[in-house]
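Everything below belongs to input39.cif, which stores mmCIF, C-alpha atoms and all ligand atoms.
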```
data_target
#
loop_
_atom_site.label_atom_id
_atom_site.label_comp_id
_atom_site.auth_asym_id
_atom_site.auth_seq_id
_atom_site.Cartn_x
_atom_site.Cartn_y
_atom_site.Cartn_z
CA MET A 1 23.37 17.48 2.28
CA THR A 2 22.58 15.15 -0.62
CA ARG A 3 19.17 13.54 -0.72
CA VAL A 4 19.25 10.20 -2.51
CA TYR A 5 16.64 8.67 -4.75
CA ASN A 6 15.02 6.39 -2.20
CA PHE A 7 13.70 3.12 -3.68
CA ASN A 8 12.96 1.50 -0.31
CA PRO A 9 9.72 -0.50 -0.11
CA GLY A 10 8.46 1.08 3.09
CA PRO A 11 8.94 3.19 5.04
CA ALA A 12 9.53 4.93 1.79
CA THR A 13 10.12 8.18 0.00
CA LEU A 14 7.72 11.06 0.66
CA PRO A 15 7.18 14.21 -1.40
CA ILE A 16 9.94 16.71 -0.65
CA GLU A 17 7.35 19.52 -0.60
CA VAL A 18 5.52 17.73 2.22
CA LEU A 19 8.70 17.15 4.21
CA ARG A 20 9.61 20.84 3.88
CA GLU A 21 6.16 21.94 5.04
CA VAL A 22 6.33 19.61 8.03
CA GLN A 23 9.75 20.99 8.88
CA ALA A 24 8.65 24.61 8.50
CA GLU A 25 5.68 24.30 10.83
CA PHE A 26 7.14 21.83 13.28
CA LEU A 27 7.85 24.24 16.11
CA ASN A 28 4.71 26.31 15.76
CA PHE A 29 1.78 24.42 14.31
CA ASP A 30 -1.14 26.58 13.14
CA GLU A 31 -0.05 29.47 15.37
CA THR A 32 -0.48 27.36 18.51
CA GLY A 33 3.10 27.98 19.64
CA MET A 34 3.38 24.19 19.91
CA SER A 35 4.30 21.33 17.64
CA ILE A 36 1.66 19.02 16.16
CA VAL A 37 3.14 16.29 18.36
CA GLU A 38 2.57 18.37 21.49
CA ILE A 39 -1.06 19.39 21.10
CA SER A 40 -4.18 17.62 22.30
CA HIS A 41 -5.99 15.32 19.91
CA ARG A 42 -9.17 16.95 21.25
CA SER A 43 -8.06 20.45 20.24
CA ALA A 44 -9.63 22.34 17.35
CA PRO A 45 -6.36 22.65 15.34
CA TYR A 46 -5.84 18.88 15.49
CA GLU A 47 -9.45 18.02 14.67
CA LYS A 48 -9.23 20.23 11.59
CA VAL A 49 -6.24 18.19 10.36
CA HIS A 50 -7.96 14.88 11.16
CA ASN A 51 -11.22 15.69 9.41
CA GLN A 52 -9.58 17.33 6.39
CA ALA A 53 -7.40 14.24 5.85
CA LYS A 54 -10.50 12.04 5.89
CA ALA A 55 -12.38 14.30 3.49
CA ASP A 56 -9.45 14.51 1.06
CA ILE A 57 -8.97 10.74 1.00
CA LEU A 58 -12.66 10.16 0.22
CA GLU A 59 -12.59 12.88 -2.43
CA LEU A 60 -9.50 11.41 -4.12
CA MET A 61 -11.16 7.99 -4.15
CA GLY A 62 -14.40 9.42 -5.55
CA LEU A 63 -16.37 7.98 -2.64
CA GLY A 64 -19.44 9.57 -1.09
CA ASP A 65 -21.30 9.64 2.15
CA ASP A 66 -21.89 5.90 2.28
CA TYR A 67 -18.17 5.38 3.03
CA ASP A 68 -16.06 6.47 5.99
CA VAL A 69 -12.34 6.64 6.70
CA LEU A 70 -10.96 5.19 9.94
CA PHE A 71 -7.49 5.67 11.40
CA ILE A 72 -6.31 2.58 13.29
CA GLN A 73 -2.96 1.57 14.77
CA GLY A 74 -1.35 -1.87 14.79
CA GLY A 75 -0.26 -1.83 11.17
CA ALA A 76 -1.86 -3.58 8.24
CA SER A 77 -0.97 -6.74 10.17
CA LEU A 78 -3.62 -6.00 12.79
CA GLN A 79 -6.18 -5.63 10.00
CA PHE A 80 -5.33 -9.22 9.03
CA ALA A 81 -6.88 -10.19 12.39
CA MET A 82 -9.56 -7.52 12.78
CA ILE A 83 -11.19 -8.42 9.49
CA PRO A 84 -11.98 -12.06 10.30
CA LEU A 85 -12.79 -11.14 13.92
CA ASN A 86 -15.38 -8.63 12.78
CA PHE A 87 -16.82 -10.34 9.72
CA ALA A 88 -16.08 -14.04 9.38
CA THR A 89 -17.74 -17.04 11.04
CA LYS A 90 -17.53 -20.77 10.46
CA LYS A 91 -20.77 -20.57 8.46
CA ASN A 92 -19.70 -17.48 6.55
CA PRO A 93 -15.91 -17.75 6.32
CA GLY A 94 -13.50 -15.24 4.87
CA ALA A 95 -12.27 -16.24 1.41
CA TYR A 96 -8.68 -15.39 0.54
CA VAL A 97 -6.76 -14.97 -2.67
CA LEU A 98 -3.15 -15.90 -1.97
CA SER A 99 -0.90 -13.81 -4.20
CA GLY A 100 2.12 -13.23 -1.97
CA THR A 101 3.45 -12.94 1.55
CA PHE A 102 0.96 -10.48 2.98
CA SER A 103 -2.19 -12.10 1.60
CA SER A 104 -0.87 -15.38 3.04
CA ASN A 105 -0.33 -13.66 6.39
CA ALA A 106 -3.88 -12.32 6.23
CA TYR A 107 -5.22 -15.80 5.55
CA LYS A 108 -3.17 -17.19 8.43
CA GLU A 109 -5.02 -14.96 10.91
CA ALA A 110 -8.39 -16.20 9.64
CA GLN A 111 -7.08 -19.74 9.88
CA ILE A 112 -6.09 -19.22 13.53
CA LEU A 113 -9.70 -18.25 14.17
CA GLY A 114 -10.92 -21.22 12.12
CA VAL A 115 -12.82 -19.00 9.69
CA GLY A 116 -10.64 -18.79 6.57
CA GLU A 117 -10.60 -20.55 3.22
CA ILE A 118 -8.58 -20.18 0.04
CA ALA A 119 -10.31 -18.92 -3.12
CA ALA A 120 -7.21 -19.00 -5.33
CA SER A 121 -3.45 -19.15 -5.03
CA THR A 122 -0.39 -18.67 -7.21
CA LYS A 123 2.00 -19.96 -4.56
CA GLU A 124 3.01 -22.92 -6.77
CA GLU A 125 4.31 -20.39 -9.30
CA ASN A 126 6.31 -18.53 -6.66
CA PHE A 127 3.74 -15.73 -6.82
CA ARG A 128 4.90 -14.52 -10.24
CA ARG A 129 1.40 -13.33 -11.05
CA VAL A 130 -1.93 -12.65 -9.43
CA PRO A 131 -4.73 -15.15 -10.09
CA ARG A 132 -7.01 -14.48 -13.02
CA GLN A 133 -10.74 -13.92 -12.61
CA ASP A 134 -11.52 -17.40 -14.02
CA GLU A 135 -9.33 -18.99 -11.32
CA LEU A 136 -11.23 -17.47 -8.39
CA LYS A 137 -13.37 -20.09 -6.65
CA ILE A 138 -15.51 -17.93 -4.43
CA ASN A 139 -17.75 -19.64 -1.90
CA PRO A 140 -21.13 -17.86 -2.30
CA ASN A 141 -21.51 -18.01 1.50
CA ALA A 142 -18.20 -16.25 2.11
CA ALA A 143 -18.36 -13.16 4.34
CA TYR A 144 -15.90 -11.46 2.00
CA LEU A 145 -13.24 -12.07 -0.61
CA HIS A 146 -9.89 -10.68 0.54
CA VAL A 147 -7.25 -9.69 -1.99
CA CYS A 148 -3.90 -7.96 -1.66
CA TYR A 149 -4.02 -5.49 -4.52
CA ASN A 150 -0.30 -4.90 -4.81
CA ASN A 151 2.18 -7.51 -3.67
CA THR A 152 5.06 -5.44 -2.36
CA ILE A 153 7.57 -8.28 -2.12
CA TYR A 154 6.90 -10.08 -5.41
CA GLY A 155 6.19 -6.96 -7.47
CA THR A 156 2.81 -7.97 -8.79
CA GLU A 157 -0.43 -6.02 -8.86
CA PHE A 158 -4.06 -6.60 -9.74
CA HIS A 159 -4.96 -4.90 -13.00
CA TYR A 160 -8.61 -5.86 -12.74
CA VAL A 161 -11.20 -5.56 -9.99
CA PRO A 162 -12.35 -9.10 -9.12
CA GLU A 163 -16.00 -9.83 -9.81
CA THR A 164 -17.37 -11.41 -6.65
CA GLY A 165 -21.12 -11.60 -7.22
CA ASP A 166 -22.84 -10.92 -3.90
CA VAL A 167 -19.71 -11.52 -1.84
CA PRO A 168 -18.23 -8.24 -0.52
CA LEU A 169 -14.76 -7.41 -1.79
CA PHE A 170 -12.05 -6.41 0.72
CA ALA A 171 -8.56 -5.30 -0.25
CA ASP A 172 -5.18 -4.68 1.31
CA MET A 173 -3.89 -1.71 -0.69
CA SER A 174 -0.97 -0.95 1.62
CA SER A 175 1.48 -0.52 -1.22
CA ASP A 176 -0.65 1.01 -3.97
CA MET A 177 -3.27 3.07 -2.16
CA LEU A 178 -3.96 6.34 -4.04
CA SER A 179 -1.47 5.45 -6.78
CA ARG A 180 -4.07 5.32 -9.56
CA PRO A 181 -7.83 5.53 -10.09
CA VAL A 182 -9.66 2.31 -9.26
CA ASP A 183 -13.40 1.73 -9.17
CA PHE A 184 -13.30 1.90 -5.37
CA LYS A 185 -17.09 1.62 -5.11
CA LYS A 186 -16.74 -2.05 -5.95
CA PHE A 187 -14.94 -2.57 -2.64
CA SER A 188 -16.67 -2.79 0.72
CA LEU A 189 -13.48 -2.38 2.74
CA ILE A 190 -10.01 -1.21 1.78
CA TYR A 191 -7.10 -0.78 4.13
CA ALA A 192 -3.56 0.46 3.85
CA GLY A 193 -0.65 0.79 6.20
CA VAL A 194 0.44 4.27 5.19
CA GLN A 195 4.20 3.84 5.38
CA LYS A 196 4.64 3.06 1.70
CA ASN A 197 2.76 5.52 -0.41
CA LEU A 198 1.18 7.91 2.06
CA GLY A 199 3.14 8.81 5.16
CA PRO A 200 5.18 7.73 8.16
CA ALA A 201 4.48 4.39 9.85
CA GLY A 202 1.98 4.41 12.69
CA VAL A 203 -1.45 4.50 11.16
CA VAL A 204 -3.59 2.36 8.90
CA ILE A 205 -6.30 3.94 6.79
CA VAL A 206 -9.44 1.86 6.59
CA VAL A 207 -11.95 3.02 4.00
CA ALA A 208 -15.19 1.11 4.32
CA ARG A 209 -18.87 1.18 3.56
CA LYS A 210 -20.55 2.55 6.67
CA SER A 211 -22.98 -0.37 6.69
CA PHE A 212 -20.00 -2.67 7.35
CA ILE A 213 -18.50 -0.79 10.26
CA GLU A 214 -21.37 0.79 12.17
CA HIS A 215 -22.18 -2.35 14.24
CA SER A 216 -19.65 -4.88 15.47
CA LEU A 217 -20.13 -8.10 17.41
CA ASP A 218 -20.77 -7.51 21.11
CA THR A 219 -18.27 -10.24 21.95
CA LEU A 220 -15.32 -8.25 20.63
CA PRO A 221 -13.07 -6.11 22.84
CA THR A 222 -13.36 -2.38 22.30
CA MET A 223 -10.17 -1.76 20.35
CA LEU A 224 -10.75 -4.67 17.97
CA ARG A 225 -14.19 -3.44 16.85
CA TYR A 226 -14.61 -1.28 13.78
CA ASP A 227 -17.65 0.39 15.31
CA THR A 228 -15.48 1.86 18.09
CA PHE A 229 -13.49 3.78 15.50
CA TYR A 230 -16.53 4.60 13.37
CA LYS A 231 -18.73 5.95 16.18
CA LYS A 232 -15.95 8.07 17.71
CA ASN A 233 -14.48 9.42 14.46
CA SER A 234 -11.30 7.42 15.22
CA LEU A 235 -10.88 9.49 18.40
CA TYR A 236 -11.96 6.93 20.98
CA ASN A 237 -8.39 6.90 22.24
CA THR A 238 -5.32 8.95 21.34
CA PRO A 239 -4.72 8.61 17.59
CA PRO A 240 -1.23 8.63 16.02
CA ALA A 241 -1.58 12.33 15.35
CA PHE A 242 1.74 12.92 13.60
CA SER A 243 1.19 10.12 11.08
CA ILE A 244 -2.33 11.31 10.33
CA TYR A 245 -1.09 14.88 9.94
CA VAL A 246 1.52 13.82 7.36
CA VAL A 247 -0.99 11.59 5.55
CA GLY A 248 -3.25 14.65 5.33
CA LYS A 249 -0.44 16.65 3.77
CA VAL A 250 0.32 13.86 1.29
CA ALA A 251 -3.36 13.66 0.31
CA ALA A 252 -3.39 17.44 -0.25
CA TRP A 253 -0.17 17.09 -2.30
CA ILE A 254 -1.81 14.43 -4.49
CA LYS A 255 -4.82 16.72 -5.00
CA SER A 256 -2.69 19.68 -5.98
CA ASN A 257 -0.62 17.51 -8.33
CA GLY A 258 -3.53 16.38 -10.48
CA GLY A 259 -5.14 13.68 -8.35
CA LEU A 260 -5.07 9.94 -9.00
CA GLU A 261 -5.12 10.33 -12.80
CA GLU A 262 -1.86 12.24 -12.72
CA MET A 263 -0.33 9.85 -10.15
CA ALA A 264 -1.22 6.97 -12.49
CA ARG A 265 0.33 8.75 -15.46
CA ARG A 266 3.59 9.44 -13.62
CA ASN A 267 3.72 5.95 -12.13
CA ALA A 268 3.22 4.39 -15.57
CA VAL A 269 6.07 6.47 -17.01
CA LYS A 270 8.39 5.40 -14.17
CA ALA A 271 7.39 1.74 -14.41
CA LYS A 272 7.90 1.71 -18.18
CA LEU A 273 11.42 3.12 -17.83
CA LEU A 274 12.41 0.28 -15.51
CA TYR A 275 10.55 -2.53 -17.26
CA ASP A 276 12.02 -1.39 -20.58
CA ALA A 277 15.49 -1.56 -19.05
CA ILE A 278 14.70 -5.17 -18.04
CA ASP A 279 13.06 -6.18 -21.32
CA ASN A 280 15.77 -4.63 -23.50
CA SER A 281 18.65 -6.21 -21.57
CA ASN A 282 18.94 -9.43 -23.61
CA GLY A 283 18.20 -11.45 -20.50
CA PHE A 284 20.81 -9.74 -18.28
CA TYR A 285 17.97 -8.55 -16.05
CA ARG A 286 15.16 -11.04 -15.43
CA GLY A 287 11.87 -9.67 -14.11
CA HIS A 288 10.22 -11.73 -11.39
CA ALA A 289 6.62 -10.85 -12.28
CA GLU A 290 4.79 -12.08 -15.36
CA LYS A 291 4.11 -9.18 -17.69
CA ASP A 292 0.37 -8.84 -17.22
CA SER A 293 0.73 -8.82 -13.41
CA ARG A 294 3.62 -6.36 -13.24
CA SER A 295 3.36 -3.86 -10.41
CA PHE A 296 3.52 -0.13 -11.07
CA MET A 297 4.87 0.33 -7.55
CA ASN A 298 7.51 -2.35 -6.92
CA VAL A 299 9.70 -3.51 -9.80
CA THR A 300 11.45 -6.80 -8.99
CA PHE A 301 14.28 -8.31 -11.02
CA ARG A 302 17.32 -10.52 -10.80
CA LEU A 303 20.79 -10.33 -12.32
CA PRO A 304 22.85 -13.23 -13.76
CA ASN A 305 24.37 -14.12 -10.38
CA GLU A 306 24.47 -13.03 -6.74
CA ASP A 307 27.92 -11.46 -6.98
CA LEU A 308 26.65 -9.10 -9.65
CA GLU A 309 23.59 -8.41 -7.51
CA LYS A 310 25.77 -7.35 -4.59
CA LYS A 311 27.86 -5.19 -6.90
CA PHE A 312 24.71 -3.63 -8.36
CA VAL A 313 23.44 -2.61 -4.92
CA ALA A 314 26.80 -1.13 -3.91
CA GLU A 315 27.36 0.79 -7.13
CA ALA A 316 23.77 2.02 -7.24
CA LEU A 317 24.34 3.62 -3.85
CA GLU A 318 27.43 5.39 -5.19
CA HIS A 319 25.05 6.93 -7.73
CA ASN A 320 22.68 8.04 -4.92
CA LEU A 321 20.20 5.27 -5.78
CA SER A 322 19.32 3.82 -2.39
CA GLY A 323 17.21 0.86 -1.25
CA VAL A 324 17.24 -1.30 -4.39
CA LYS A 325 18.03 -4.60 -2.68
CA GLY A 326 15.16 -7.07 -3.02
CA HIS A 327 13.37 -9.01 -0.31
CA ARG A 328 15.08 -12.26 0.65
CA SER A 329 12.13 -14.38 -0.51
CA VAL A 330 12.57 -13.21 -4.11
CA GLY A 331 16.23 -12.20 -4.06
CA GLY A 332 17.77 -9.78 -6.52
CA MET A 333 16.53 -6.23 -6.77
CA ARG A 334 13.37 -4.37 -5.99
CA ALA A 335 12.87 -0.75 -6.96
CA SER A 336 9.87 0.82 -5.25
CA ILE A 337 8.58 3.76 -7.24
CA TYR A 338 5.73 5.11 -5.15
CA ASN A 339 3.93 8.38 -5.93
CA ALA A 340 6.67 10.50 -4.39
CA MET A 341 9.48 9.05 -6.52
CA PRO A 342 10.15 11.65 -9.21
CA ILE A 343 10.32 10.54 -12.84
CA ALA A 344 13.93 11.75 -12.76
CA GLY A 345 14.64 9.08 -10.12
CA ALA A 346 13.37 6.28 -12.37
CA GLU A 347 15.35 7.78 -15.28
CA ALA A 348 18.50 7.78 -13.15
CA LEU A 349 17.95 4.14 -12.16
CA ALA A 350 17.18 3.06 -15.75
CA ASP A 351 20.34 4.83 -16.98
CA PHE A 352 22.34 3.14 -14.24
CA MET A 353 20.85 -0.27 -15.16
CA ASN A 354 21.78 0.19 -18.82
CA GLU A 355 25.31 1.29 -18.00
CA PHE A 356 25.81 -1.49 -15.42
CA ARG A 357 24.75 -4.06 -17.99
CA ARG A 358 27.09 -2.61 -20.62
CA VAL A 359 30.09 -2.73 -18.27
CA ASN A 360 29.30 -6.14 -16.78
C1 LIG B 401 0.83 -5.16 0.98
C2 LIG B 401 1.22 -5.15 2.42
N1 LIG B 401 0.34 -5.54 3.36
C3 LIG B 401 0.66 -5.55 4.66
C4 LIG B 401 1.90 -5.18 5.11
C5 LIG B 401 2.21 -5.23 6.58
O1 LIG B 401 2.10 -3.95 7.04
P1 LIG B 401 2.44 -3.54 8.55
O2 LIG B 401 3.93 -3.60 8.68
O3 LIG B 401 1.90 -2.14 8.62
O4 LIG B 401 1.75 -4.46 9.46
C6 LIG B 401 2.85 -4.76 4.19
C7 LIG B 401 4.19 -4.34 4.67
O5 LIG B 401 5.17 -4.33 4.02
C8 LIG B 401 2.51 -4.76 2.81
O6 LIG B 401 3.40 -4.39 1.87
#
```

Just give me the structure as structure tokens.
Ligand SMILES: Cc1ncc(COP(=O)(O)O)c(C=O)c1O
Amino acid sequence: MTRVYNFNPGPATLPIEVLREVQAEFLNFDETGMSIVEISHRSAPYEKVHNQAKADILELMGLGDDYDVLFIQGGASLQFAMIPLNFATKKNPGAYVLSGTFSSNAYKEAQILGVGEIAASTKEENFRRVPRQDELKINPNAAYLHVCYNNTIYGTEFHYVPETGDVPLFADMSSDMLSRPVDFKKFSLIYAGVQKNLGPAGVVIVVARKSFIEHSLDTLPTMLRYDTFYKKNSLYNTPPAFSIYVVGKVAAWIKSNGGLEEMARRNAVKAKLLYDAIDNSNGFYRGHAEKDSRSFMNVTFRLPNEDLEKKFVAEALEHNLSGVKGHRSVGGMRASIYNAMPIAGAEALADFMNEFRRVN
């Protein structure tokens, strides 16, 4: 069987070592004689997995006892609603930086509740960059400023942590969580659907200051309150045990591969290979993102015409380079190079890009 280099945006490639471990212990997890998907979430072997995953995530992020990790279902999209439900009011609205599709979707949920406002937007520029610090108009009464740290579809990423004064900073890091060191202490709440950089779909990791999640409004239903998950260690109801188990393995893999510093180094090498192939193509490849907003996770680019784009996708697949077709709102190509993409995969794609340009 040939495994391809998988450039899909999510669900996405996972470390082969993790997949092998999951396979090896699938029928008999931790000497239970059962699979991880067959055991109780109240059993000691499962709780060990659950708590170790939480501890490893906090350790990788350099966060201490004032933060906790929650595991919640419903995708990052449910967080778009839970955040304004839990924190925003008409008097203290949620402020949103619009930098792409998902930040706009997050804002939409706050708007439905009548508690959202826009702090900055690059929509007029087709989201080719993230707003600069000097463009952020943050209402000092805002309950939070919400940013999407990496814009999966447009291929842009924040390369600075927004200064927000006394307004708490919240971030959707679904597509760059644990890809590089960030001063995470500057954030009050971070969330990530894990199916890009960290595991199989089914769970969202919420990392938040305890002071933000220990009490929720009494008017909220149980499953929409952060305090339900906080007080019960995310075991109020049955958690998505398999997803959490794989996330735990991926976190351990990151730790044993040099932590976030080493992930950042590898990701920068991969990104440079692809951006160099774009920049040195005499305009054959045109990057979507402006240079200082370029994502280290999702590299977006177009070719001279759509026929060549179709040909590129088809021929890439013949070279075992899968999932390079871009999202319809940008068109062209998108190569997602999450932590688990080996440098050799980015080299293979860069070589293919150079050869494709030469021939076409
Ligand atoms: C940055 C970002 N936020 C949110 C989402 C939505 O995530 P979910 O499908 O888990 O709701 C995605 C999915 O692609 C994403 O890339």

Compute the set of protein, DNA and RNA residues whose minimum atom distance to ligand LIG 401 (chain B) is at most 6 Å, using only C-alpha atoms and all ligand atoms, and state it as a ChimeraX atom specification. /A:75-77,102,150-152,172,174-175,193

CA of Asp176 (chain A) to CA of Lys232 (chain A), distance in Å rounded to a single decimal: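 Between CA of Asp176 (chain A) and CA of Lys232 (chain A) the gap works out to 27.5 Å.
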
What is the distance, in Å and to one decimal place, between CA of Pro140 (chain A) and CA of Lys91 (chain A)?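 Interatomic distance here is 11.1 Å.
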
Hey, what's within 12 Å of Thr228 (chain A) if we count only C-alpha atoms and toss same-chain stuff fewer than 2 positions away? As an MDAnalysis selection string, please? chainID A and resid 70:72 86 213:218 220:226 230:237

Measuring between only C-alpha atoms, which one of A:Asn267, A:Thr2, A:Gln133, A:Gln111 shows the shortest distance to Pro342 (chain A)?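 That would be A:Asn267, the residue with the smallest distance to Pro342 (chain A).
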